[in-house]
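File shown: model31.pdb. Contents: PDB, C-alpha atoms, pLDDT in the B column.
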```pdb
ATOM      1  CA  MET R   1     -11.343  15.461  20.508  1.00 47.00           C
ATOM      2  CA  ALA R   2     -10.011  13.794  23.631  1.00 53.00           C
ATOM      3  CA  VAL R   3     -11.730  10.566  24.643  1.00 58.00           C
ATOM      4  CA  LYS R   4     -13.294  10.580  28.114  1.00 63.00           C
ATOM      5  CA  SER R   5     -11.365   8.318  30.429  1.00 68.00           C
ATOM      6  CA  ASN R   6     -12.833   8.953  33.876  1.00 75.00           C
ATOM      7  CA  PHE R   7     -15.816   6.591  33.915  1.00 78.00           C
ATOM      8  CA  ALA R   8     -16.528   5.191  37.358  1.00 85.00           C
ATOM      9  CA  SER R   9     -18.475   2.191  38.588  1.00 88.00           C
ATOM     10  CA  GLY R  10     -22.215   2.846  38.355  1.00 88.00           C
ATOM     11  CA  ASN R  11     -21.958   5.674  35.824  1.00 85.00           C
ATOM     12  CA  VAL R  12     -24.448   5.805  32.937  1.00 85.00           C
ATOM     13  CA  LEU R  13     -22.842   5.382  29.508  1.00 85.00           C
ATOM     14  CA  THR R  14     -24.702   7.925  27.409  1.00 87.00           C
ATOM     15  CA  ALA R  15     -25.341   7.903  23.680  1.00 90.00           C
ATOM     16  CA  SER R  16     -23.095  10.917  23.450  1.00 85.00           C
ATOM     17  CA  ASP R  17     -20.234   9.043  25.099  1.00 81.00           C
ATOM     18  CA  VAL R  18     -20.742   6.054  22.788  1.00 81.00           C
ATOM     19  CA  ASN R  19     -20.756   8.302  19.728  1.00 80.00           C
ATOM     20  CA  THR R  20     -17.589   9.986  20.924  1.00 76.00           C
ATOM     21  CA  TYR R  21     -15.860   6.618  21.139  1.00 75.00           C
ATOM     22  CA  LEU R  22     -17.176   5.447  17.776  1.00 72.00           C
ATOM     23  CA  THR R  23     -15.952   8.544  15.989  1.00 70.00           C
ATOM     24  CA  ASN R  24     -12.655   8.816  17.819  1.00 70.00           C
ATOM     25  CA  GLY R  25     -11.133   5.360  17.706  1.00 70.00           C
ATOM     26  CA  GLY R  26      -7.371   5.083  17.493  1.00 85.00           C
ATOM     27  CA  LEU R  27      -7.647   4.117  13.848  1.00 91.00           C
ATOM     28  CA  VAL R  28     -10.382   5.762  11.797  1.00 90.00           C
ATOM     29  CA  TYR R  29     -11.590   3.886   8.736  1.00 93.00           C
ATOM     30  CA  ILE R  30     -11.206   5.857   5.499  1.00 96.00           C
ATOM     31  CA  THR R  31     -11.785   3.529   2.558  1.00 97.00           C
ATOM     32  CA  GLU R  32     -11.252   0.090   1.085  1.00 97.00           C
ATOM     33  CA  THR R  33     -11.248  -1.514  -2.325  1.00 97.00           C
ATOM     34  CA  SER R  34     -10.428  -4.760  -4.097  1.00 96.00           C
ATOM     35  CA  ALA R  35      -8.760  -5.436  -7.414  1.00 95.00           C
ATOM     36  CA  SER R  36     -11.204  -6.382 -10.146  1.00 92.00           C
ATOM     37  CA  GLY R  37      -8.706  -8.628 -11.921  1.00 92.00           C
ATOM     38  CA  SER R  38      -8.820  -6.617 -15.123  1.00 94.00           C
ATOM     39  CA  ALA R  39      -6.107  -4.014 -14.434  1.00 95.00           C
ATOM     40  CA  THR R  40      -2.361  -3.981 -13.947  1.00 93.00           C
ATOM     41  CA  THR R  41      -2.387  -1.205 -11.335  1.00 94.00           C
ATOM     42  CA  LEU R  42      -4.753  -0.258  -8.509  1.00 97.00           C
ATOM     43  CA  SER R  43      -4.937   3.372  -7.400  1.00 97.00           C
ATOM     44  CA  ILE R  44      -6.761   5.005  -4.508  1.00 98.00           C
ATOM     45  CA  ASN R  45      -7.451   8.730  -4.833  1.00 98.00           C
ATOM     46  CA  ASN R  46      -8.378  11.174  -2.069  1.00 98.00           C
ATOM     47  CA  CYS R  47      -7.579   8.865   0.844  1.00 98.00           C
ATOM     48  CA  PHE R  48      -4.987  11.217   2.403  1.00 98.00           C
ATOM     49  CA  SER R  49      -6.084  14.615   3.640  1.00 97.00           C
ATOM     50  CA  ALA R  50      -5.459  17.266   6.261  1.00 96.00           C
ATOM     51  CA  SER R  51      -7.714  15.291   8.652  1.00 93.00           C
ATOM     52  CA  TYR R  52      -4.861  12.932   9.582  1.00 94.00           C
ATOM     53  CA  ASN R  53      -1.094  13.122   9.566  1.00 96.00           C
ATOM     54  CA  ASN R  54      -0.403   9.384   9.617  1.00 97.00           C
ATOM     55  CA  TYR R  55      -2.071   6.358   8.037  1.00 98.00           C
ATOM     56  CA  ARG R  56      -2.252   2.583   8.279  1.00 98.00           C
ATOM     57  CA  ILE R  57      -2.605   0.706   4.981  1.00 98.00           C
ATOM     58  CA  LEU R  58      -3.489  -2.995   5.088  1.00 98.00           C
ATOM     59  CA  ILE R  59      -3.031  -5.147   1.986  1.00 97.00           C
ATOM     60  CA  ASP R  60      -3.931  -8.819   1.715  1.00 95.00           C
ATOM     61  CA  TYR R  61      -5.576 -11.518  -0.400  1.00 93.00           C
ATOM     62  CA  PHE R  62      -2.962 -10.950  -3.103  1.00 92.00           C
ATOM     63  CA  GLN R  63      -2.845 -13.000  -6.259  1.00 91.00           C
ATOM     64  CA  PRO R  64      -0.911 -11.979  -9.378  1.00 89.00           C
ATOM     65  CA  ALA R  65      -2.132 -13.232 -12.751  1.00 87.00           C
ATOM     66  CA  THR R  66       1.427 -14.285 -13.532  1.00 82.00           C
ATOM     67  CA  ALA R  67       3.677 -16.059 -11.069  1.00 79.00           C
ATOM     68  CA  ALA R  68       6.196 -14.296  -8.846  1.00 84.00           C
ATOM     69  CA  ARG R  69       5.329 -10.691  -8.282  1.00 88.00           C
ATOM     70  CA  THR R  70       6.092  -8.099  -5.609  1.00 90.00           C
ATOM     71  CA  VAL R  71       3.585  -5.314  -4.922  1.00 92.00           C
ATOM     72  CA  PHE R  72       5.112  -1.852  -5.213  1.00 93.00           C
ATOM     73  CA  MET R  73       3.677   1.549  -4.298  1.00 96.00           C
ATOM     74  CA  ARG R  74       3.791   5.052  -5.706  1.00 96.00           C
ATOM     75  CA  LEU R  75       2.359   8.181  -4.134  1.00 98.00           C
ATOM     76  CA  ARG R  76       0.009  10.267  -6.242  1.00 97.00           C
ATOM     77  CA  SER R  77      -1.678  13.657  -6.242  1.00 97.00           C
ATOM     78  CA  GLY R  78      -4.669  14.869  -8.225  1.00 96.00           C
ATOM     79  CA  GLY R  79      -4.891  11.509  -9.980  1.00 95.00           C
ATOM     80  CA  THR R  80      -1.286  11.470 -11.190  1.00 94.00           C
ATOM     81  CA  ASP R  81       1.496   9.259  -9.850  1.00 94.00           C
ATOM     82  CA  ALA R  82       4.795  10.697  -8.666  1.00 94.00           C
ATOM     83  CA  THR R  83       7.063   8.824 -11.075  1.00 91.00           C
ATOM     84  CA  GLY R  84      10.484  10.326 -10.413  1.00 92.00           C
ATOM     85  CA  ALA R  85      13.364   8.296  -9.022  1.00 92.00           C
ATOM     86  CA  ASP R  86      12.668   9.612  -5.533  1.00 95.00           C
ATOM     87  CA  TYR R  87      11.683   6.406  -3.717  1.00 95.00           C
ATOM     88  CA  TYR R  88      13.942   4.615  -1.250  1.00 96.00           C
ATOM     89  CA  PHE R  89      13.476   1.380   0.658  1.00 95.00           C
ATOM     90  CA  ALA R  90      15.363  -1.189   2.700  1.00 96.00           C
ATOM     91  CA  LEU R  91      13.815  -4.462   3.868  1.00 94.00           C
ATOM     92  CA  ALA R  92      15.218  -7.585   5.471  1.00 94.00           C
ATOM     93  CA  GLY R  93      13.660 -10.746   6.815  1.00 94.00           C
ATOM     94  CA  TYR R  94      13.624 -14.481   7.366  1.00 94.00           C
ATOM     95  CA  PHE R  95      11.882 -17.548   6.015  1.00 93.00           C
ATOM     96  CA  THR R  96      10.069 -19.885   8.365  1.00 92.00           C
ATOM     97  CA  THR R  97      12.983 -22.253   7.739  1.00 92.00           C
ATOM     98  CA  ALA R  98      15.249 -19.687   9.477  1.00 90.00           C
ATOM     99  CA  ALA R  99      17.061 -18.912   6.221  1.00 91.00           C
ATOM    100  CA  ALA R 100      17.506 -15.206   5.563  1.00 91.00           C
ATOM    101  CA  VAL R 101      15.545 -13.554   2.778  1.00 90.00           C
ATOM    102  CA  SER R 102      17.771 -11.665   0.365  1.00 84.00           C
ATOM    103  CA  ASP R 103      18.078  -8.032   1.405  1.00 83.00           C
ATOM    104  CA  PHE R 104      15.762  -5.910  -0.668  1.00 86.00           C
ATOM    105  CA  ASN R 105      16.769  -2.300  -1.013  1.00 89.00           C
ATOM    106  CA  SER R 106      16.967   0.579  -3.442  1.00 89.00           C
ATOM    107  CA  ALA R 107      18.171   4.164  -3.238  1.00 91.00           C
ATOM    108  CA  GLY R 108      16.447   6.409  -5.716  1.00 91.00           C
ATOM    109  CA  THR R 109      14.036   4.422  -7.831  1.00 90.00           C
ATOM    110  CA  THR R 110      10.599   5.032  -9.353  1.00 91.00           C
ATOM    111  CA  SER R 111       8.497   3.155  -6.774  1.00 92.00           C
ATOM    112  CA  MET R 112       8.835   1.664  -3.301  1.00 94.00           C
ATOM    113  CA  THR R 113       8.059  -1.857  -2.204  1.00 93.00           C
ATOM    114  CA  THR R 114       5.245  -2.923   0.083  1.00 94.00           C
ATOM    115  CA  GLY R 115       7.206  -6.103   0.839  1.00 91.00           C
ATOM    116  CA  LEU R 116       4.281  -8.254  -0.274  1.00 91.00           C
ATOM    117  CA  TYR R 117       5.436 -11.040  -2.582  1.00 89.00           C
ATOM    118  CA  ASN R 118       3.707 -14.081  -4.047  1.00 88.00           C
ATOM    119  CA  SER R 119       5.885 -16.608  -5.866  1.00 84.00           C
ATOM    120  CA  GLY R 120       2.946 -18.264  -7.588  1.00 77.00           C
ATOM    121  CA  ASN R 121      -0.423 -17.222  -8.886  1.00 74.00           C
ATOM    122  CA  THR R 122      -1.994 -18.747  -5.791  1.00 82.00           C
ATOM    123  CA  LEU R 123      -4.776 -16.890  -4.052  1.00 81.00           C
ATOM    124  CA  GLY R 124      -4.055 -15.037  -0.859  1.00 78.00           C
ATOM    125  CA  LEU R 125      -0.386 -15.744  -0.156  1.00 81.00           C
ATOM    126  CA  GLY R 126       0.910 -12.926   1.981  1.00 84.00           C
ATOM    127  CA  ALA R 127      -0.119  -9.638   3.510  1.00 93.00           C
ATOM    128  CA  ALA R 128       1.352  -6.265   4.361  1.00 96.00           C
ATOM    129  CA  SER R 129       0.805  -3.596   6.982  1.00 98.00           C
ATOM    130  CA  ILE R 130       2.232  -0.169   6.232  1.00 98.00           C
ATOM    131  CA  ASP R 131       2.352   2.840   8.525  1.00 98.00           C
ATOM    132  CA  LEU R 132       2.721   5.889   6.292  1.00 98.00           C
ATOM    133  CA  TYR R 133       3.827   9.140   7.894  1.00 98.00           C
ATOM    134  CA  ALA R 134       2.687  12.556   6.655  1.00 97.00           C
ATOM    135  CA  PRO R 135       1.965  11.831   2.976  1.00 98.00           C
ATOM    136  CA  PHE R 136      -0.412  14.813   2.747  1.00 98.00           C
ATOM    137  CA  LYS R 137       1.994  17.222   4.412  1.00 98.00           C
ATOM    138  CA  THR R 138       4.581  19.066   2.354  1.00 98.00           C
ATOM    139  CA  GLU R 139       7.310  17.003   3.936  1.00 97.00           C
ATOM    140  CA  ARG R 140       9.201  13.846   3.068  1.00 97.00           C
ATOM    141  CA  THR R 141       6.992  10.769   3.411  1.00 98.00           C
ATOM    142  CA  TYR R 142       8.279   7.905   5.529  1.00 98.00           C
ATOM    143  CA  GLY R 143       6.800   4.472   6.047  1.00 98.00           C
ATOM    144  CA  LEU R 144       7.368   1.367   8.112  1.00 98.00           C
ATOM    145  CA  VAL R 145       6.561  -1.914   6.383  1.00 97.00           C
ATOM    146  CA  HIS R 146       5.743  -5.262   7.944  1.00 97.00           C
ATOM    147  CA  SER R 147       4.982  -7.902   5.354  1.00 95.00           C
ATOM    148  CA  ALA R 148       4.420 -11.602   4.901  1.00 93.00           C
ATOM    149  CA  GLY R 149       5.099 -13.399   1.650  1.00 89.00           C
ATOM    150  CA  TYR R 150       5.650 -16.777   0.081  1.00 87.00           C
ATOM    151  CA  ASP R 151       8.475 -18.243  -1.987  1.00 87.00           C
ATOM    152  CA  SER R 152       8.382 -22.021  -1.484  1.00 85.00           C
ATOM    153  CA  ASN R 153       8.174 -21.168   2.213  1.00 88.00           C
ATOM    154  CA  PHE R 154       6.515 -18.345   4.090  1.00 91.00           C
ATOM    155  CA  PHE R 155       8.675 -15.412   5.080  1.00 92.00           C
ATOM    156  CA  TYR R 156       8.485 -12.000   6.664  1.00 93.00           C
ATOM    157  CA  ARG R 157      10.178  -8.802   5.616  1.00 94.00           C
ATOM    158  CA  THR R 158      10.250  -5.592   7.548  1.00 96.00           C
ATOM    159  CA  GLY R 159      11.880  -2.250   6.940  1.00 97.00           C
ATOM    160  CA  ILE R 160      11.479   1.325   5.799  1.00 97.00           C
ATOM    161  CA  ILE R 161      10.182   3.069   2.725  1.00 97.00           C
ATOM    162  CA  GLU R 162      10.718   6.722   1.921  1.00 97.00           C
ATOM    163  CA  HIS R 163       9.740   9.289  -0.682  1.00 98.00           C
ATOM    164  CA  ASN R 164      12.260  12.065  -0.840  1.00 96.00           C
ATOM    165  CA  LEU R 165      10.186  14.931  -2.261  1.00 97.00           C
ATOM    166  CA  THR R 166       8.464  17.388   0.053  1.00 97.00           C
ATOM    167  CA  ASN R 167       5.212  17.352  -1.913  1.00 97.00           C
ATOM    168  CA  SER R 168       1.667  16.741  -0.687  1.00 98.00           C
ATOM    169  CA  TYR R 169       0.010  13.515  -1.865  1.00 98.00           C
ATOM    170  CA  ASP R 170      -3.659  12.549  -1.615  1.00 98.00           C
ATOM    171  CA  GLY R 171      -3.455   8.951  -2.774  1.00 98.00           C
ATOM    172  CA  PHE R 172      -1.308   6.058  -3.919  1.00 98.00           C
ATOM    173  CA  THR R 173      -0.992   3.422  -6.621  1.00 97.00           C
ATOM    174  CA  LEU R 174      -0.157  -0.242  -6.175  1.00 96.00           C
ATOM    175  CA  LEU R 175       1.683  -1.871  -9.070  1.00 92.00           C
ATOM    176  CA  LEU R 176       3.446  -5.151  -9.666  1.00 90.00           C
ATOM    177  CA  SER R 177       7.143  -5.863 -10.124  1.00 86.00           C
ATOM    178  CA  GLY R 178       6.460  -7.358 -13.541  1.00 85.00           C
ATOM    179  CA  THR R 179       3.879  -7.479 -16.275  1.00 85.00           C
ATOM    180  CA  GLY R 180       0.379  -8.878 -15.836  1.00 88.00           C
ATOM    181  CA  ASN R 181      -2.802  -7.966 -14.047  1.00 91.00           C
ATOM    182  CA  ILE R 182      -3.528  -7.975 -10.339  1.00 93.00           C
ATOM    183  CA  THR R 183      -5.978 -10.846 -10.137  1.00 92.00           C
ATOM    184  CA  ASN R 184      -6.851 -10.348  -6.490  1.00 93.00           C
ATOM    185  CA  LEU R 185      -5.854  -7.792  -3.879  1.00 95.00           C
ATOM    186  CA  ARG R 186      -7.636  -6.135  -0.986  1.00 96.00           C
ATOM    187  CA  VAL R 187      -6.667  -2.748   0.433  1.00 98.00           C
ATOM    188  CA  LYS R 188      -7.944  -0.899   3.482  1.00 98.00           C
ATOM    189  CA  VAL R 189      -6.856   2.583   4.565  1.00 98.00           C
ATOM    190  CA  TYR R 190      -7.167   3.997   8.075  1.00 96.00           C
ATOM    191  CA  GLY R 191      -6.140   7.328   9.557  1.00 95.00           C
ATOM    192  CA  TYR R 192      -4.534   7.714  12.966  1.00 94.00           C
ATOM    193  CA  ARG R 193      -6.758   9.839  15.172  1.00 88.00           C
ATOM    194  CA  GLN R 194      -5.033  13.125  15.882  1.00 81.00           C
ATOM    195  CA  ALA R 195      -6.032  13.629  19.535  1.00 71.00           C
TER     196      ALA R 195
ATOM    197  CA  MET T   1      -3.290  -2.582 -26.610  1.00 81.00           C
ATOM    198  CA  LYS T   2      -2.228  -0.976 -23.365  1.00 87.00           C
ATOM    199  CA  PRO T   3      -3.055  -2.520 -19.972  1.00 90.00           C
ATOM    200  CA  ASN T   4      -5.838  -1.209 -17.780  1.00 94.00           C
ATOM    201  CA  VAL T   5      -5.632   0.876 -14.628  1.00 95.00           C
ATOM    202  CA  GLU T   6      -8.146   0.647 -11.799  1.00 97.00           C
ATOM    203  CA  ILE T   7      -8.849   3.782  -9.763  1.00 97.00           C
ATOM    204  CA  HIS T   8     -10.878   3.961  -6.557  1.00 98.00           C
ATOM    205  CA  ASP T   9     -11.996   7.336  -5.203  1.00 98.00           C
ATOM    206  CA  ALA T  10     -12.127   7.416  -1.406  1.00 97.00           C
ATOM    207  CA  LEU T  11     -14.480  10.425  -1.406  1.00 96.00           C
ATOM    208  CA  THR T  12     -17.160   9.085  -3.746  1.00 96.00           C
ATOM    209  CA  GLY T  13     -16.589   5.337  -3.286  1.00 96.00           C
ATOM    210  CA  GLU T  14     -16.616   4.939  -7.067  1.00 97.00           C
ATOM    211  CA  THR T  15     -14.178   2.675  -8.885  1.00 97.00           C
ATOM    212  CA  VAL T  16     -13.257   3.057 -12.558  1.00 97.00           C
ATOM    213  CA  VAL T  17     -11.315   0.670 -14.801  1.00 97.00           C
ATOM    214  CA  ARG T  18      -9.916   2.170 -17.997  1.00 96.00           C
ATOM    215  CA  GLU T  19      -7.091   1.687 -20.461  1.00 95.00           C
ATOM    216  CA  MET T  20      -3.821   3.411 -19.591  1.00 92.00           C
ATOM    217  CA  THR T  21      -3.070   6.675 -21.295  1.00 92.00           C
ATOM    218  CA  ASP T  22       0.052   6.868 -23.443  1.00 91.00           C
ATOM    219  CA  ASP T  23       1.814   8.796 -20.689  1.00 89.00           C
ATOM    220  CA  GLU T  24       0.838   6.308 -17.985  1.00 87.00           C
ATOM    221  CA  TYR T  25       2.009   3.403 -20.124  1.00 87.00           C
ATOM    222  CA  ALA T  26       5.317   5.113 -20.851  1.00 85.00           C
ATOM    223  CA  GLU T  27       5.814   5.700 -17.130  1.00 82.00           C
ATOM    224  CA  LEU T  28       5.073   2.069 -16.351  1.00 81.00           C
ATOM    225  CA  LEU T  29       7.571   0.894 -18.952  1.00 80.00           C
ATOM    226  CA  ALA T  30      10.108   3.357 -17.591  1.00 76.00           C
ATOM    227  CA  THR T  31      10.079   1.521 -14.281  1.00 72.00           C
ATOM    228  CA  GLY T  32      11.815  -1.350 -16.063  1.00 68.00           C
ATOM    229  CA  ARG T  33       9.078  -3.811 -15.247  1.00 70.00           C
ATOM    230  CA  THR T  34       9.457  -7.000 -17.254  1.00 65.00           C
ATOM    231  CA  ALA T  35       7.886 -10.411 -17.382  1.00 59.00           C
ATOM    232  CA  GLU T  36      10.820 -11.773 -15.367  1.00 55.00           C
ATOM    233  CA  PRO T  37      11.272  -9.472 -12.378  1.00 58.00           C
ATOM    234  CA  VAL T  38      14.461  -9.481 -10.364  1.00 51.00           C
ATOM    235  CA  ASP T  39      15.268  -8.579  -6.762  1.00 53.00           C
ATOM    236  CA  GLU T  40      12.833 -11.073  -5.311  1.00 61.00           C
ATOM    237  CA  PRO T  41      13.104 -13.381  -2.323  1.00 63.00           C
ATOM    238  CA  THR T  42      15.103 -16.494  -3.016  1.00 61.00           C
ATOM    239  CA  GLU T  43      14.089 -19.991  -2.187  1.00 53.00           C
ATOM    240  CA  PRO T  44      15.910 -21.171   0.973  1.00 49.00           C
TER     241      PRO T  44
END
```
Could you show the structure in this file as C-alpha cells?
Amino acid sequence: MAVKSNFASGNVLTASDVNTYLTNGGLVYITETSASGSATTLSINNCFSASYNNYRILIDYFQPATAARTVFMRLRSGGTDATGADYYFALAGYFTTAAAVSDFNSAGTTSMTTGLYNSGNTLGLGAASIDLYAPFKTERTYGLVHSAGYDSNFFYRTGIIEHNLTNSYDGFTLLLSGTGNITNLRVKVYGYRQA
Amino acid sequence: MKPNVEIHDALTGETVVREMTDDEYAELLATGRTAEPVDEPTEP
C-alpha cells in the first residue's frame, strides 16, 4: 500500500492515516529473540515469507562462552538447516588502528559468516547488520554484511554473502566458528515494505 | 552428551531449547568446527 505523501499545511491527520504509516514503515518488524546461554546454535523459524522479498537482520550483544568466535549463518526451511557446501562469502575491513583485517572469504562451504567476531568472552563486543535478498523466493540468496568486531582493537568488516541454491527458506540458524555455547546474542528481523 | 540447540518461532513467539539430534550433531561436526577456530581477524 502506497504511503500518502500529499499532506498540506492545516490538514487533519486522521487515525486512518496514522495507522497507514504505522503498518507501512520502510522496515516492518517481524521478530526478535535472545540467546539463553544454554545452546550452541540459535535458530529462527518462519521469519521469511511471501510477505517480503528482502530482510534486515540485526545482531548485537554477542558473547561467546569460549574466547574468540565468529558468528556464522545457515539458511533453513521447515526447521532443517541447509547444510551443503553452497555458501559463499567475501569480507574485508580495517581496525581502528588503520591496519587491515585479514581478508575473510570462502567459496563453497557449509555456512556463511555474519562478520561478527568477539576475541574474548566479553559481553557485547561487536554487532552486525545484514541485508538478505530473496531468501523465501526460489532464487539464489544474496546478502550484504556490515559488521563490527573486536580483536585487541575494534574493527569493521563489510562484504557479501551468498547461498547458491535456488531453494526457498523460511528461517536461519546462527552458529559459532568453534565449540561452546552462545552466552549472549540478540537478533532482530525486519522485512522491507514492498510498496 | 550432545550440545543444545535453541529455536525461536517467529509465528508463535515460542522458544525451545533441546539437545541436538544425532543428525544435527553430525552436521555441526561436518562443518569442521573445533575449539581453536581459524580464519579469524588478526591482531594489528
Got a sec to check which residues sit within 6 Å of (4.0, -10.4, -2.0), counting only C-alpha atoms, and write them as a PDB file with C-alpha atoms, in the coordinates of the input?
```pdb
ATOM      1  CA  THR R  70       6.092  -8.099  -5.609  1.00 90.00           C
ATOM      2  CA  VAL R  71       3.585  -5.314  -4.922  1.00 92.00           C
ATOM      3  CA  LEU R 116       4.281  -8.254  -0.274  1.00 91.00           C
ATOM      4  CA  TYR R 117       5.436 -11.040  -2.582  1.00 89.00           C
ATOM      5  CA  ASN R 118       3.707 -14.081  -4.047  1.00 88.00           C
ATOM      6  CA  GLY R 126       0.910 -12.926   1.981  1.00 84.00           C
ATOM      7  CA  GLY R 149       5.099 -13.399   1.650  1.00 89.00           C
TER       8      GLY R 149
END
```
Scan for residues within 12 Å of the point (-5.9, 6.3, 11.3) in the coordinates of the file, using all atoms listed in the file, and reply as a PyMOL selection string.
-> chain R and resi 23-31+47-49+51-58+130-134+188-195
Keeping C-alpha atoms for every residue in the selection just given, could you write it to a file as a PDB file, in the coordinates of the input?
```pdb
ATOM      1  CA  THR R  23     -15.952   8.544  15.989  1.00 70.00           C
ATOM      2  CA  ASN R  24     -12.655   8.816  17.819  1.00 70.00           C
ATOM      3  CA  GLY R  25     -11.133   5.360  17.706  1.00 70.00           C
ATOM      4  CA  GLY R  26      -7.371   5.083  17.493  1.00 85.00           C
ATOM      5  CA  LEU R  27      -7.647   4.117  13.848  1.00 91.00           C
ATOM      6  CA  VAL R  28     -10.382   5.762  11.797  1.00 90.00           C
ATOM      7  CA  TYR R  29     -11.590   3.886   8.736  1.00 93.00           C
ATOM      8  CA  ILE R  30     -11.206   5.857   5.499  1.00 96.00           C
ATOM      9  CA  THR R  31     -11.785   3.529   2.558  1.00 97.00           C
ATOM     10  CA  CYS R  47      -7.579   8.865   0.844  1.00 98.00           C
ATOM     11  CA  PHE R  48      -4.987  11.217   2.403  1.00 98.00           C
ATOM     12  CA  SER R  49      -6.084  14.615   3.640  1.00 97.00           C
ATOM     13  CA  SER R  51      -7.714  15.291   8.652  1.00 93.00           C
ATOM     14  CA  TYR R  52      -4.861  12.932   9.582  1.00 94.00           C
ATOM     15  CA  ASN R  53      -1.094  13.122   9.566  1.00 96.00           C
ATOM     16  CA  ASN R  54      -0.403   9.384   9.617  1.00 97.00           C
ATOM     17  CA  TYR R  55      -2.071   6.358   8.037  1.00 98.00           C
ATOM     18  CA  ARG R  56      -2.252   2.583   8.279  1.00 98.00           C
ATOM     19  CA  ILE R  57      -2.605   0.706   4.981  1.00 98.00           C
ATOM     20  CA  LEU R  58      -3.489  -2.995   5.088  1.00 98.00           C
ATOM     21  CA  ILE R 130       2.232  -0.169   6.232  1.00 98.00           C
ATOM     22  CA  ASP R 131       2.352   2.840   8.525  1.00 98.00           C
ATOM     23  CA  LEU R 132       2.721   5.889   6.292  1.00 98.00           C
ATOM     24  CA  TYR R 133       3.827   9.140   7.894  1.00 98.00           C
ATOM     25  CA  ALA R 134       2.687  12.556   6.655  1.00 97.00           C
ATOM     26  CA  LYS R 188      -7.944  -0.899   3.482  1.00 98.00           C
ATOM     27  CA  VAL R 189      -6.856   2.583   4.565  1.00 98.00           C
ATOM     28  CA  TYR R 190      -7.167   3.997   8.075  1.00 96.00           C
ATOM     29  CA  GLY R 191      -6.140   7.328   9.557  1.00 95.00           C
ATOM     30  CA  TYR R 192      -4.534   7.714  12.966  1.00 94.00           C
ATOM     31  CA  ARG R 193      -6.758   9.839  15.172  1.00 88.00           C
ATOM     32  CA  GLN R 194      -5.033  13.125  15.882  1.00 81.00           C
ATOM     33  CA  ALA R 195      -6.032  13.629  19.535  1.00 71.00           C
TER      34      ALA R 195
END
```
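This file, queried with the PyMOL selection byres ((chain R and resi 61) around 8), gives the residues Ile59, Asp60, Phe62, Gln63, Leu123, Gly124, Leu125, Gly126, Ala127, Asn184, Leu185 and Arg186 of chain R.
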Restricting the calculation to all atoms listed in the file, which member of T:Met20, T:Glu14, T:Arg33, T:Lys2 is positioned closest to chain R?
->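 Distance minimum relative to chain R lands on T:Arg33.
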Contacts of Ile7 in chain T at 7 Å (only C-alpha atoms; same-chain gap of 3+ positions) as a PyMOL selection string | (chain R and resi 42-44) or (chain T and resi 15-17)
Export C-alpha atoms of the chosen residues as a compact mmCIF listing (two decimals), keeping the file's coordinate frame?
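Result file follows (part36.txt):
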```txt
# COMPACT_ATOMS: atom_id res chain seq x y z
CA LEU R 42 -4.75 -0.26 -8.51
CA SER R 43 -4.94 3.37 -7.40
CA ILE R 44 -6.76 5.00 -4.51
CA THR T 15 -14.18 2.68 -8.88
CA VAL T 16 -13.26 3.06 -12.56
CA VAL T 17 -11.32 0.67 -14.80
```
